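Asks: Quick one: the structure is below, and I'll ask about it shortly.
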Amino acid sequence: MRLVIVSGRSGSGKSTALHLLEDNGFYCIDNLPAGLLPDLARQASQTDLNLPKVAISIDARNLASDLARFPELLQAVRDSGIRCDVLFLAATDEVLIKRFSETRRKHPLTDGNQSLAEAIATELRLLEPIIDLANLKIDTSHLTLYQLRDLLKQRLLSSEANTPSVLIQSFGFKRGVPVDADLVFDVRCLPNPYWKPDLRPFCGRDQAVCDYLDAEPEVQEMYQDIRQFLEKWLPRYAAGERSYMSIAIGCTGGHHRSVYIAERLVRELSATTPNLLIRHRDLP
């Protein structure tokens, strides 16, 4: 049996994730009391129930004492031999406040004594035991509903058994570092095609930009260093039973240098690294 635990900050997209899993054959339960997790896993794994795929949502509406016990509850499930992935959806405080303001929804932890910003901060503290154990974190701050669904399909539903899903994404530092990144490479020190007026309208996937960066020795030196690092260490992360990895390549705007490096890495590492995905966060 496969079990997916969906958690995250309110407004980050947990309902979207649960609906997607339900559409793809998972038996889904929303807002399960965390203390019932081992019993649910035990019941669902019984052969006569025929539930090979189960997804549950655990969020800050739980008892604080149960959330604090999450590490031991999760370990009990894994000790029983059930494959269990923990998905945590995150977004920045500013984005969450904007989402709640636009939808006029009430945050589940707000009350007469706590503002929206305070409730968001309290929720993050309550969910820390889950955040620490999540093997897949996704930052939804810059994702539309449809982009989130596509990314979840790629990362949760397309990976081969026992093979880590590795996401390489480009981004621009001016919009912030992706909070879900396991490794971050900063390529802002490289020559910038943005300052070439004839290259500015293009991106790192366009041949003109590729030709310019191909001809720069510093670019080639950094690319080879990053590639050699990943070739050496990705197999070791996999040997450590990592199910998911997120590698972020950042330049200033996320249009030229980071896109070029990310595209080339995926193209040249695909032969030796299965389940390699690519995403350009800040391309139009």
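By order of appearance in the structure tokens: chains A, B, ..., then residues from 1 within every chain, and ligands from 1 in the order shown.
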Quick one: contact table of stretch 57-104 of chain A to stretch 18-42 of chain A, 6 Å max, nearest atom pair and distance in Å to one decimal per residue, counting only C-alpha atoms, chain and number order, as CSV?
Replies:
residue,atom,partner,partner_atom,distance
A:Ser57,CA,A:Asp30,CA,4.8
A:Ile58,CA,A:Asn31,CA,5.0
A:Asn62,CA,A:Pro33,CA,5.8
A:Asp66,CA,A:Gly35,CA,5.6
A:Val77,CA,A:Pro38,CA,5.5
Asks: Would you pick out the contacts of stretch 251-261 of chain A at 7 Å or less, using only C-alpha atoms, so that residues sharing its chain but fewer than 4 positions from it are not included, and give the list as a list of chain:residue names?
Replies: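 Contacts, in chain order: A:Ser170, A:Phe171, A:Gly172, A:Phe173, A:Lys174, A:Asp186, A:Val187, A:Arg188, A:Asn192, A:Pro193, A:Cys203, A:Gly204, A:Arg205, A:Cys210, A:Tyr223, A:Leu265, A:His280, A:Asp282, A:Leu283.
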Asks: Got a sec: who's within 12 Å of A:Glu231, counting only C-alpha atoms, leaving out chain neighbours fewer than 2 positions off, as a CSV table (one decimal) with N, CA and C atoms, in the first residue's frame?
Replies:
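Contents of selection33.csv, freshly written:
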chain,number,residue,atom,x,y,z
A,224,GLN,N,30.4,23.1,-15.5
A,224,GLN,CA,31.1,21.8,-15.3
A,224,GLN,C,31.2,21.5,-13.8
A,225,ASP,N,31.5,22.5,-13.0
A,225,ASP,CA,31.6,22.3,-11.5
A,225,ASP,C,30.2,21.9,-11.0
A,226,ILE,N,29.1,22.5,-11.4
A,226,ILE,CA,27.8,22.1,-10.9
A,226,ILE,C,27.5,20.7,-11.4
A,227,ARG,N,27.7,20.4,-12.7
A,227,ARG,CA,27.4,19.1,-13.2
A,227,ARG,C,28.2,18.0,-12.5
A,228,GLN,N,29.5,18.2,-12.3
A,228,GLN,CA,30.3,17.2,-11.6
A,228,GLN,C,29.9,17.0,-10.1
A,229,PHE,N,29.5,18.1,-9.5
A,229,PHE,CA,28.9,18.0,-8.1
A,229,PHE,C,27.7,17.1,-8.1
A,233,TRP,N,27.1,13.5,-6.2
A,233,TRP,CA,26.3,13.4,-5.0
A,233,TRP,C,24.9,13.0,-5.2
A,234,LEU,N,24.3,13.1,-6.3
A,234,LEU,CA,22.9,12.7,-6.5
A,234,LEU,C,22.7,11.2,-6.2
A,235,PRO,N,23.6,10.3,-6.7
A,235,PRO,CA,23.5,8.9,-6.3
A,235,PRO,C,23.6,8.6,-4.8
A,236,ARG,N,24.4,9.5,-4.1
A,236,ARG,CA,24.5,9.3,-2.7
A,236,ARG,C,23.2,9.7,-2.0
A,237,TYR,N,22.6,10.8,-2.5
A,237,TYR,CA,21.3,11.2,-1.9
A,237,TYR,C,20.3,10.1,-2.1
A,238,ALA,N,20.3,9.5,-3.3
A,238,ALA,CA,19.4,8.4,-3.6
A,238,ALA,C,19.7,7.2,-2.7
A,265,LEU,N,21.7,21.1,-17.8
A,265,LEU,CA,21.9,20.0,-16.8
A,265,LEU,C,20.9,18.9,-17.1
A,266,VAL,N,19.6,19.2,-17.3
A,266,VAL,CA,18.6,18.2,-17.6
A,266,VAL,C,18.9,17.4,-18.8
A,268,GLU,N,21.9,16.9,-20.2
A,268,GLU,CA,23.1,16.1,-20.2
A,268,GLU,C,23.1,15.1,-19.0
A,269,LEU,N,22.2,15.2,-18.0
A,269,LEU,CA,22.2,14.3,-16.9
A,269,LEU,C,21.1,13.2,-17.1
A,270,SER,N,20.2,13.4,-18.0
A,270,SER,CA,19.1,12.5,-18.2
A,270,SER,C,19.5,11.1,-18.5
A,271,ALA,N,20.6,10.9,-19.2
A,271,ALA,CA,21.0,9.6,-19.5
A,271,ALA,C,21.4,8.7,-18.3
A,272,THR,N,21.8,9.4,-17.2
A,272,THR,CA,22.2,8.7,-16.0
A,272,THR,C,21.3,8.9,-14.8
A,273,THR,N,20.4,9.9,-14.9
A,273,THR,CA,19.5,10.2,-13.8
A,273,THR,C,18.1,10.1,-14.2
Asks: With distances taken over only C-alpha atoms, which of A:Ala55, A:Ile249, A:Pro71, A:Tyr194 is nearest to A:Asp132?
Replies: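 Ranking A:Ala55, A:Ile249, A:Pro71, A:Tyr194 by distance to A:Asp132, first place goes to A:Pro71.
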Asks: For A:Pro164, find every residue with an atom within 7 Å (counting only C-alpha atoms), except residues of its own chain fewer than 3 positions away, and show them as a PyMOL selection string.
Replies: chain A and resi 238+242-244+275
Asks: Please give the complete set of residues from stretch 75-270 of chain A that DSSP, run on the backbone, assigns to helix (DSSP H, G or I), formatted as a ChimeraX atom specification.
Replies: /A:75-79,93-103,116-126,128-133,145-157,173-175,193-195,207-214,217-239,257-269
Asks: Near A:Ala91, counting only C-alpha atoms, which residues have an atom at most 12 Å away, once you skip same-chain residues fewer than 6 positions from it, shown as a list in words?
Replies: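 Near A:Ala91, the qualifying residues are Gly8, Arg9, Ser10, Gly11, Ser12, Gly13, Lys14, Ile97, Lys98, Arg99, Ile120, Leu124, Lys137, Ile138, Asp139, Thr140, Ser141, His142, Leu143, Gly176, Val177, Pro178, Val179 and Asp180 of chain A.
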Asks: Could you write out that same residue set with C-alpha atoms as an mmCIF file, in the first residue's frame?
Replies:
data_model
loop_
_atom_site.group_PDB
_atom_site.id
_atom_site.type_symbol
_atom_site.label_atom_id
_atom_site.label_comp_id
_atom_site.auth_asym_id
_atom_site.auth_seq_id
_atom_site.Cartn_x
_atom_site.Cartn_y
_atom_site.Cartn_z
ATOM 1 C CA GLY A 8 0.866 22.532 4.691
ATOM 2 C CA ARG A 9 -0.059 26.055 5.588
ATOM 3 C CA SER A 10 -3.681 27.102 5.199
ATOM 4 C CA GLY A 11 -4.135 28.663 1.765
ATOM 5 C CA SER A 12 -1.138 26.880 0.246
ATOM 6 C CA GLY A 13 -3.120 24.396 -1.878
ATOM 7 C CA LYS A 14 -3.778 21.323 0.282
ATOM 8 C CA ILE A 97 -2.187 37.096 3.631
ATOM 9 C CA LYS A 98 -3.015 38.246 0.109
ATOM 10 C CA ARG A 99 -4.852 35.005 -0.694
ATOM 11 C CA ILE A 120 -0.264 32.345 10.085
ATOM 12 C CA LEU A 124 3.819 27.500 11.112
ATOM 13 C CA LYS A 137 8.155 20.307 -0.080
ATOM 14 C CA ILE A 138 6.573 22.530 -2.711
ATOM 15 C CA ASP A 139 6.497 26.320 -2.588
ATOM 16 C CA THR A 140 3.193 27.430 -4.147
ATOM 17 C CA SER A 141 3.837 31.177 -3.811
ATOM 18 C CA HIS A 142 4.348 31.648 -7.555
ATOM 19 C CA LEU A 143 2.125 28.831 -8.839
ATOM 20 C CA GLY A 176 13.052 35.218 -3.712
ATOM 21 C CA VAL A 177 14.687 31.827 -3.307
ATOM 22 C CA PRO A 178 12.295 28.837 -3.615
ATOM 23 C CA VAL A 179 11.568 27.681 -0.071
ATOM 24 C CA ASP A 180 11.346 24.057 -1.236
#
Asks: Between A:Ser15, A:His107, A:Ser246, A:Asn113, which is the closest to A:Val166 once you count only C-alpha atoms?
Replies: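 When distances to A:Val166 are compared using only C-alpha atoms, the smallest one comes from A:Ser246.
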